[in-house]
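Following: one structure in structure tokens, then a few remarks.
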Amino acid sequence: MPMYACVFNQEANSGRGKRLKKKIRQYLHQLDIEHHFFESTSQKETARIVRQATKDGVRAIVAIGGDGMINTIIQNSIGEDIALGIIPIGKTNLFANILGITDWRVGCRTLVKPQSTLVDLGTVDERYFTSSIEITPTQGVSYRYLRLFAKRATTKYCPIIMTIVSEETKLKLQTNV
């Protein structure tokens with residue numbers, strides 16, 4: 001059975017993830033999953049754990065948290081021959097849900113008989129993303145237009161859907177503007 005480095009985000013789901021820690025650890029032991037359990041309180045700490053795990057020859061890192069934890073692990077494991085497991089405990093868990101991992105118990109059970117799925121990654125400004133990306137303003141961005149919208153009495157949102165189709169993939173982007 002493979003050795004996993006499980007990285008637990010105790011702040012996931014507005015700190016509610018803390019109460020699941022004991023249950024998750026017990027369930028991993030009950031399933032006889034060989035693992036090391038690491039707690040992380042920041043992206044910097046998660047990055048350090050991921051880099052050390054890859055140096056130590058770990059072949060799979062398990063994100064125990066939400067989409068933010070998954071994203072941090074991806075950013076710090078690009079170029080490494082390492083698999084990503086997911087035990088969702090965040091608020092949204094968009095990527096986990098896309099993969100059919102609907103809760104933390106399902107995430108734990110996927111580690112018993114792991115099946116690899118290759119996932120295309122997108123990039124924006126040298127940052128990788130899976131199913132969603134949050135784009136924030138950088139220095140020098142004008143907020144004039146945002147202030148205009150904020151002064152309106154009612155704001156209506158228009159859904160925008162963009163589908164990108166190529167021979168290799170079909171990507172659908174959806175947002176409200």
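Following the order of the structure tokens, chains are lettered A, B, ..., residues in each are numbered from 1, and ligands are numbered from 1.
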Strand (DSSP E) per DSSP on the backbone: members of region 39-96 of chain A, as a ChimeraX atom specification: /A:39-40,60-65,83-88
Written selection (all heavy atoms) as a tab-separated table (two decimals), in the first residue's frame:
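The resulting part24.tsv:
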```tsv
chain	number	residue	atom	x	y	z
A	39	GLU	N	-0.15	18.85	10.02
A	39	GLU	CA	-1.10	19.95	10.16
A	39	GLU	C	-0.45	21.22	9.62
A	39	GLU	O	0.72	21.48	9.88
A	39	GLU	CB	-1.48	20.15	11.63
A	39	GLU	CG	-2.32	19.01	12.16
A	39	GLU	CD	-2.81	19.26	13.57
A	39	GLU	OE1	-3.31	20.38	13.83
A	39	GLU	OE2	-2.70	18.35	14.39
A	40	SER	N	-1.23	21.98	8.89
A	40	SER	CA	-0.73	23.22	8.31
A	40	SER	C	-1.65	24.37	8.68
A	40	SER	O	-2.87	24.22	8.68
A	40	SER	CB	-0.63	23.09	6.79
A	40	SER	OG	-0.21	24.31	6.24
A	60	ALA	N	2.50	10.27	-3.05
A	60	ALA	CA	1.16	10.85	-3.08
A	60	ALA	C	0.98	11.80	-1.90
A	60	ALA	O	1.32	11.45	-0.76
A	60	ALA	CB	0.09	9.77	-3.05
A	61	ILE	N	0.43	12.96	-2.19
A	61	ILE	CA	0.12	13.93	-1.14
A	61	ILE	C	-1.39	14.06	-1.10
A	61	ILE	O	-2.05	14.18	-2.14
A	61	ILE	CB	0.78	15.28	-1.42
A	61	ILE	CG1	2.30	15.13	-1.39
A	61	ILE	CG2	0.31	16.33	-0.41
A	61	ILE	CD1	3.07	16.38	-1.71
A	62	VAL	N	-1.96	14.02	0.10
A	62	VAL	CA	-3.40	14.10	0.26
A	62	VAL	C	-3.74	15.45	0.87
A	62	VAL	O	-3.28	15.79	1.95
A	62	VAL	CB	-3.92	12.95	1.16
A	62	VAL	CG1	-5.42	13.06	1.35
A	62	VAL	CG2	-3.54	11.60	0.58
A	63	ALA	N	-4.57	16.20	0.15
A	63	ALA	CA	-5.05	17.49	0.63
A	63	ALA	C	-6.28	17.25	1.49
A	63	ALA	O	-7.29	16.74	1.00
A	63	ALA	CB	-5.41	18.39	-0.54
A	64	ILE	N	-6.18	17.58	2.77
A	64	ILE	CA	-7.34	17.49	3.65
A	64	ILE	C	-7.76	18.92	3.96
A	64	ILE	O	-7.17	19.58	4.79
A	64	ILE	CB	-7.01	16.72	4.95
A	64	ILE	CG1	-6.41	15.35	4.63
A	64	ILE	CG2	-8.27	16.57	5.81
A	64	ILE	CD1	-5.94	14.57	5.84
A	65	GLY	N	-8.75	19.38	3.22
A	65	GLY	CA	-9.18	20.77	3.34
A	65	GLY	C	-10.09	21.12	2.18
A	65	GLY	O	-10.85	20.28	1.70
A	83	ALA	N	1.31	12.04	-6.99
A	83	ALA	CA	-0.14	12.04	-7.15
A	83	ALA	C	-0.78	12.90	-6.06
A	83	ALA	O	-0.18	13.14	-5.01
A	83	ALA	CB	-0.67	10.61	-7.06
A	84	LEU	N	-2.00	13.35	-6.32
A	84	LEU	CA	-2.74	14.17	-5.37
A	84	LEU	C	-4.01	13.44	-4.98
A	84	LEU	O	-4.81	13.06	-5.83
A	84	LEU	CB	-3.10	15.52	-6.01
A	84	LEU	CG	-4.04	16.43	-5.22
A	84	LEU	CD1	-3.38	16.88	-3.93
A	84	LEU	CD2	-4.45	17.62	-6.06
A	85	GLY	N	-4.17	13.23	-3.67
A	85	GLY	CA	-5.42	12.69	-3.14
A	85	GLY	C	-6.18	13.81	-2.46
A	85	GLY	O	-5.59	14.83	-2.09
A	86	ILE	N	-7.50	13.64	-2.33
A	86	ILE	CA	-8.32	14.71	-1.76
A	86	ILE	C	-9.28	14.15	-0.73
A	86	ILE	O	-10.01	13.20	-0.99
A	86	ILE	CB	-9.14	15.43	-2.86
A	86	ILE	CG1	-8.20	16.02	-3.92
A	86	ILE	CG2	-10.02	16.51	-2.26
A	86	ILE	CD1	-8.93	16.53	-5.14
A	87	ILE	N	-9.24	14.76	0.47
A	87	ILE	CA	-10.24	14.51	1.50
A	87	ILE	C	-10.86	15.87	1.78
A	87	ILE	O	-10.28	16.71	2.45
A	87	ILE	CB	-9.61	13.91	2.78
A	87	ILE	CG1	-8.95	12.57	2.46
A	87	ILE	CG2	-10.67	13.76	3.87
A	87	ILE	CD1	-8.20	11.93	3.62
A	88	PRO	N	-12.06	16.13	1.21
A	88	PRO	CA	-12.65	17.46	1.29
A	88	PRO	C	-13.27	17.77	2.65
A	88	PRO	O	-14.02	16.97	3.20
A	88	PRO	CB	-13.72	17.43	0.21
A	88	PRO	CG	-14.10	16.00	0.09
A	88	PRO	CD	-12.87	15.21	0.42
```
Write out as a PDB file with C-alpha atoms, in the first residue's frame which residues come within 10 Å of Tyr128 (chain A) when counting only C-alpha atoms, dropping same-chain ones fewer than 2 positions away.
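Below you can see selection.pdb, which holds the result:
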```
ATOM      1  CA  ASN A  71      -4.370  24.749  -5.088  1.00  0.00           C
ATOM      2  CA  THR A  72      -1.419  25.295  -2.744  1.00  0.00           C
ATOM      3  CA  ILE A  74      -0.597  21.886  -6.908  1.00  0.00           C
ATOM      4  CA  GLN A  75       1.487  25.091  -7.037  1.00  0.00           C
ATOM      5  CA  ASN A  76       4.245  23.401  -5.041  1.00  0.00           C
ATOM      6  CA  ILE A  78       4.367  20.982 -10.405  1.00  0.00           C
ATOM      7  CA  ASP A 120      -5.400  19.123 -17.390  1.00  0.00           C
ATOM      8  CA  LEU A 121      -4.119  22.237 -15.656  1.00  0.00           C
ATOM      9  CA  GLY A 122      -4.534  25.772 -16.904  1.00  0.00           C
ATOM     10  CA  THR A 123      -2.113  28.603 -16.220  1.00  0.00           C
ATOM     11  CA  VAL A 124      -2.539  32.306 -15.614  1.00  0.00           C
ATOM     12  CA  ASP A 125       0.578  34.363 -14.867  1.00  0.00           C
ATOM     13  CA  GLU A 126       2.545  31.181 -14.132  1.00  0.00           C
ATOM     14  CA  THR A 130      -7.731  22.952 -12.113  1.00  0.00           C
ATOM     15  CA  SER A 132     -11.590  27.344 -11.127  1.00  0.00           C
ATOM     16  CA  ILE A 133      -9.409  30.354 -10.586  1.00  0.00           C
TER      17      ILE A 133
END
```
d(CA of Leu28 (chain A), CA of Leu111 (chain A)) in Å: 8.8 Å
Val50 (chain A) environment, 9 Å, only C-alpha atoms, sequence neighbours closer than 2 positions dropped, as a PyMOL selection string: chain A and resi 5+7+45-48+52-55+61+73+76-77
Would you output that residue set with all heavy atoms, as a JSON list (two decimals), in the first residue's frame?
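Contents of again19.json, freshly written:
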```json
[["chain", "number", "residue", "atom", "x", "y", "z"],
["A", 5, "ALA", "N", 1.39, 11.37, 2.32],
["A", 5, "ALA", "CA", 1.63, 12.52, 3.18],
["A", 5, "ALA", "C", 0.31, 13.28, 3.21],
["A", 5, "ALA", "O", -0.10, 13.86, 2.20],
["A", 5, "ALA", "CB", 2.75, 13.40, 2.63],
["A", 7, "VAL", "N", -1.87, 16.30, 4.36],
["A", 7, "VAL", "CA", -1.69, 17.67, 4.82],
["A", 7, "VAL", "C", -3.06, 18.21, 5.21],
["A", 7, "VAL", "O", -3.93, 18.39, 4.36],
["A", 7, "VAL", "CB", -1.04, 18.56, 3.74],
["A", 7, "VAL", "CG1", -0.72, 19.93, 4.31],
["A", 7, "VAL", "CG2", 0.22, 17.90, 3.19],
["A", 45, "GLU", "N", 3.50, 27.12, 5.08],
["A", 45, "GLU", "CA", 3.78, 25.86, 5.77],
["A", 45, "GLU", "C", 3.42, 24.66, 4.89],
["A", 45, "GLU", "O", 4.14, 23.67, 4.84],
["A", 45, "GLU", "CB", 3.01, 25.81, 7.09],
["A", 45, "GLU", "CG", 3.41, 24.67, 7.98],
["A", 45, "GLU", "CD", 2.77, 24.76, 9.35],
["A", 45, "GLU", "OE1", 1.98, 25.69, 9.61],
["A", 45, "GLU", "OE2", 3.08, 23.88, 10.16],
["A", 46, "THR", "N", 2.30, 24.76, 4.18],
["A", 46, "THR", "CA", 1.90, 23.68, 3.27],
["A", 46, "THR", "C", 2.96, 23.50, 2.19],
["A", 46, "THR", "O", 3.33, 22.37, 1.86],
["A", 46, "THR", "CB", 0.53, 23.99, 2.63],
["A", 46, "THR", "OG1", -0.45, 24.07, 3.67],
["A", 46, "THR", "CG2", 0.12, 22.91, 1.64],
["A", 47, "ALA", "N", 3.46, 24.59, 1.63],
["A", 47, "ALA", "CA", 4.50, 24.52, 0.60],
["A", 47, "ALA", "C", 5.74, 23.81, 1.14],
["A", 47, "ALA", "O", 6.32, 22.97, 0.46],
["A", 47, "ALA", "CB", 4.86, 25.92, 0.13],
["A", 48, "ARG", "N", 6.12, 24.13, 2.36],
["A", 48, "ARG", "CA", 7.29, 23.48, 2.98],
["A", 48, "ARG", "C", 7.06, 21.98, 3.13],
["A", 48, "ARG", "O", 7.92, 21.17, 2.82],
["A", 48, "ARG", "CB", 7.59, 24.11, 4.34],
["A", 48, "ARG", "CG", 8.86, 23.56, 5.01],
["A", 48, "ARG", "CD", 8.96, 23.99, 6.47],
["A", 48, "ARG", "NE", 7.83, 23.60, 7.28],
["A", 48, "ARG", "CZ", 7.58, 22.36, 7.72],
["A", 48, "ARG", "NH1", 8.39, 21.37, 7.39],
["A", 48, "ARG", "NH2", 6.53, 22.10, 8.47],
["A", 52, "GLN", "N", 9.21, 19.02, 1.23],
["A", 52, "GLN", "CA", 9.92, 18.01, 2.01],
["A", 52, "GLN", "C", 9.42, 16.60, 1.66],
["A", 52, "GLN", "O", 10.21, 15.66, 1.55],
["A", 52, "GLN", "CB", 9.76, 18.26, 3.51],
["A", 52, "GLN", "CG", 10.61, 17.35, 4.38],
["A", 52, "GLN", "CD", 12.10, 17.50, 4.10],
["A", 52, "GLN", "OE1", 12.65, 18.59, 4.09],
["A", 52, "GLN", "NE2", 12.77, 16.38, 3.86],
["A", 53, "ALA", "N", 8.12, 16.46, 1.48],
["A", 53, "ALA", "CA", 7.56, 15.14, 1.14],
["A", 53, "ALA", "C", 8.10, 14.64, -0.19],
["A", 53, "ALA", "O", 8.43, 13.46, -0.33],
["A", 53, "ALA", "CB", 6.03, 15.22, 1.11],
["A", 54, "THR", "N", 8.22, 15.54, -1.18],
["A", 54, "THR", "CA", 8.75, 15.11, -2.47],
["A", 54, "THR", "C", 10.23, 14.73, -2.35],
["A", 54, "THR", "O", 10.67, 13.77, -2.97],
["A", 54, "THR", "CB", 8.55, 16.18, -3.56],
["A", 54, "THR", "OG1", 9.15, 17.40, -3.14],
["A", 54, "THR", "CG2", 7.08, 16.40, -3.84],
["A", 55, "LYS", "N", 10.98, 15.47, -1.54],
["A", 55, "LYS", "CA", 12.39, 15.11, -1.30],
["A", 55, "LYS", "C", 12.51, 13.75, -0.63],
["A", 55, "LYS", "O", 13.44, 13.00, -0.91],
["A", 55, "LYS", "CB", 13.07, 16.16, -0.41],
["A", 55, "LYS", "CG", 13.46, 17.42, -1.12],
["A", 55, "LYS", "CD", 14.16, 18.36, -0.15],
["A", 55, "LYS", "CE", 14.41, 19.71, -0.77],
["A", 55, "LYS", "NZ", 14.99, 20.66, 0.19],
["A", 61, "ILE", "N", 0.43, 12.96, -2.19],
["A", 61, "ILE", "CA", 0.12, 13.93, -1.14],
["A", 61, "ILE", "C", -1.39, 14.06, -1.10],
["A", 61, "ILE", "O", -2.05, 14.18, -2.14],
["A", 61, "ILE", "CB", 0.78, 15.28, -1.42],
["A", 61, "ILE", "CG1", 2.30, 15.13, -1.39],
["A", 61, "ILE", "CG2", 0.31, 16.33, -0.41],
["A", 61, "ILE", "CD1", 3.07, 16.38, -1.71],
["A", 73, "ILE", "N", -1.10, 22.89, -2.86],
["A", 73, "ILE", "CA", -0.32, 21.67, -3.12],
["A", 73, "ILE", "C", 0.05, 21.59, -4.60],
["A", 73, "ILE", "O", 1.18, 21.26, -4.94],
["A", 73, "ILE", "CB", -1.08, 20.43, -2.64],
["A", 73, "ILE", "CG1", -1.15, 20.44, -1.10],
["A", 73, "ILE", "CG2", -0.42, 19.15, -3.16],
["A", 73, "ILE", "CD1", -2.01, 19.37, -0.50],
["A", 76, "ASN", "N", 2.95, 23.80, -5.58],
["A", 76, "ASN", "CA", 4.25, 23.40, -5.04],
["A", 76, "ASN", "C", 4.67, 21.99, -5.43],
["A", 76, "ASN", "O", 5.70, 21.51, -4.94],
["A", 76, "ASN", "CB", 4.22, 23.56, -3.52],
["A", 76, "ASN", "CG", 4.18, 25.00, -3.12],
["A", 76, "ASN", "OD1", 5.20, 25.68, -3.14],
["A", 76, "ASN", "ND2", 3.00, 25.51, -2.81],
["A", 77, "SER", "N", 3.89, 21.34, -6.29],
["A", 77, "SER", "CA", 4.29, 19.99, -6.72],
["A", 77, "SER", "C", 4.39, 19.88, -8.24],
["A", 77, "SER", "O", 4.62, 18.79, -8.76],
["A", 77, "SER", "CB", 3.32, 18.95, -6.17],
["A", 77, "SER", "OG", 2.00, 19.18, -6.65]]
```
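The closest residue to Ile89 (chain A), picked from A:Val58, A:Ile49, A:Ile24, A:Ala12 and counting only C-alpha atoms, is A:Ala12.
Minimum distance to Trp104 (chain A) across A:Gly66, A:Arg59, A:Phe37, A:Lys44 (counting only C-alpha atoms) occurs at A:Gly66.
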Alpha helix (DSSP H) positions in region 39-123 of chain A, given as a PyMOL selection string: chain A and resi 43-55+67-75+94-98+104-110
Who sits within 12 Å of Asp32 (chain A), only C-alpha atoms, same chain under 6 positions skipped, as a PyMOL selection string: chain A and resi 1-4+25-26+108-109+111-113
Same residues, all heavy atoms, output as a compact mmCIF listing (two decimals), in the first residue's frame:
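Output file out-v6.txt follows:
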```txt
# COMPACT_ATOMS: atom_id res chain seq x y z
N MET A 1 0.85 -1.18 0.00
CA MET A 1 0.00 0.00 0.00
C MET A 1 0.90 1.24 0.00
O MET A 1 1.90 1.28 0.69
CB MET A 1 -0.89 -0.02 1.25
CG MET A 1 -1.96 1.05 1.23
SD MET A 1 -3.21 0.86 2.51
CE MET A 1 -4.08 -0.54 1.84
N PRO A 2 0.53 2.26 -0.76
CA PRO A 2 1.40 3.44 -0.86
C PRO A 2 1.44 4.24 0.42
O PRO A 2 0.54 4.17 1.25
CB PRO A 2 0.74 4.26 -1.98
CG PRO A 2 -0.66 3.80 -2.02
CD PRO A 2 -0.68 2.38 -1.55
N MET A 3 2.51 4.96 0.55
CA MET A 3 2.64 5.88 1.70
C MET A 3 2.13 7.24 1.28
O MET A 3 2.48 7.75 0.24
CB MET A 3 4.11 6.00 2.09
CG MET A 3 4.41 7.12 3.07
SD MET A 3 3.62 6.96 4.67
CE MET A 3 4.66 5.73 5.41
N TYR A 4 1.26 7.80 2.11
CA TYR A 4 0.69 9.11 1.83
C TYR A 4 1.21 10.14 2.82
O TYR A 4 1.39 9.85 3.99
CB TYR A 4 -0.84 9.07 1.96
CG TYR A 4 -1.51 8.15 0.97
CD1 TYR A 4 -2.04 6.93 1.38
CD2 TYR A 4 -1.64 8.52 -0.35
CE1 TYR A 4 -2.68 6.10 0.48
CE2 TYR A 4 -2.28 7.69 -1.27
CZ TYR A 4 -2.80 6.49 -0.84
OH TYR A 4 -3.42 5.67 -1.73
N ARG A 25 -8.50 10.95 11.17
CA ARG A 25 -7.34 10.12 11.54
C ARG A 25 -7.77 8.72 11.94
O ARG A 25 -7.14 7.73 11.53
CB ARG A 25 -6.56 10.80 12.66
CG ARG A 25 -5.90 12.10 12.17
CD ARG A 25 -4.87 12.60 13.08
NE ARG A 25 -3.69 11.76 12.91
CZ ARG A 25 -2.56 11.95 13.56
NH1 ARG A 25 -2.45 12.95 14.40
NH2 ARG A 25 -1.52 11.17 13.37
N GLN A 26 -8.84 8.61 12.72
CA GLN A 26 -9.34 7.29 13.11
C GLN A 26 -9.79 6.49 11.90
O GLN A 26 -9.52 5.29 11.81
CB GLN A 26 -10.50 7.43 14.11
CG GLN A 26 -10.06 7.86 15.48
CD GLN A 26 -11.24 8.14 16.41
OE1 GLN A 26 -12.37 8.34 15.99
NE2 GLN A 26 -10.95 8.16 17.71
N CYS A 108 -11.42 9.50 2.01
CA CYS A 108 -10.58 8.50 2.69
C CYS A 108 -10.64 7.16 1.96
O CYS A 108 -9.62 6.50 1.75
CB CYS A 108 -11.03 8.32 4.14
SG CYS A 108 -10.68 9.72 5.22
N ARG A 109 -11.84 6.75 1.56
CA ARG A 109 -12.00 5.45 0.89
C ARG A 109 -11.31 5.40 -0.47
O ARG A 109 -10.88 4.33 -0.91
CB ARG A 109 -13.48 5.09 0.76
CG ARG A 109 -14.11 4.70 2.09
CD ARG A 109 -15.47 4.05 1.92
NE ARG A 109 -16.45 4.93 1.28
CZ ARG A 109 -17.28 5.75 1.93
NH1 ARG A 109 -17.26 5.80 3.26
NH2 ARG A 109 -18.14 6.48 1.26
N LEU A 111 -8.47 6.33 -1.08
CA LEU A 111 -7.06 6.02 -0.85
C LEU A 111 -6.80 4.53 -0.69
O LEU A 111 -5.66 4.08 -0.78
CB LEU A 111 -6.56 6.77 0.39
CG LEU A 111 -6.70 8.29 0.36
CD1 LEU A 111 -6.22 8.89 1.67
CD2 LEU A 111 -5.97 8.89 -0.82
N VAL A 112 -7.86 3.74 -0.44
CA VAL A 112 -7.69 2.31 -0.23
C VAL A 112 -7.28 1.63 -1.54
O VAL A 112 -6.34 0.85 -1.58
CB VAL A 112 -8.99 1.67 0.32
CG1 VAL A 112 -8.85 0.16 0.42
CG2 VAL A 112 -9.33 2.26 1.67
N LYS A 113 -8.00 1.91 -2.60
CA LYS A 113 -7.67 1.39 -3.93
C LYS A 113 -7.61 2.57 -4.89
O LYS A 113 -8.54 2.82 -5.65
CB LYS A 113 -8.74 0.39 -4.39
CG LYS A 113 -8.78 -0.88 -3.59
CD LYS A 113 -9.81 -1.83 -4.13
CE LYS A 113 -9.86 -3.08 -3.27
NZ LYS A 113 -10.92 -3.98 -3.72
```
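For the pair CA of Thr117 (chain A) and CA of Gly79 (chain A), the interatomic distance is 16.6 Å.
For the choices A:Phe8, A:Gly57, A:Ile33, A:Arg19, the atom-to-atom distance to Asp81 (chain A) is smallest for A:Gly57 when using only C-alpha atoms.
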Straight-line distance linking CA of Arg16 (chain A) with CA of Leu31 (chain A), stated in Å to one decimal: 23.4 Å
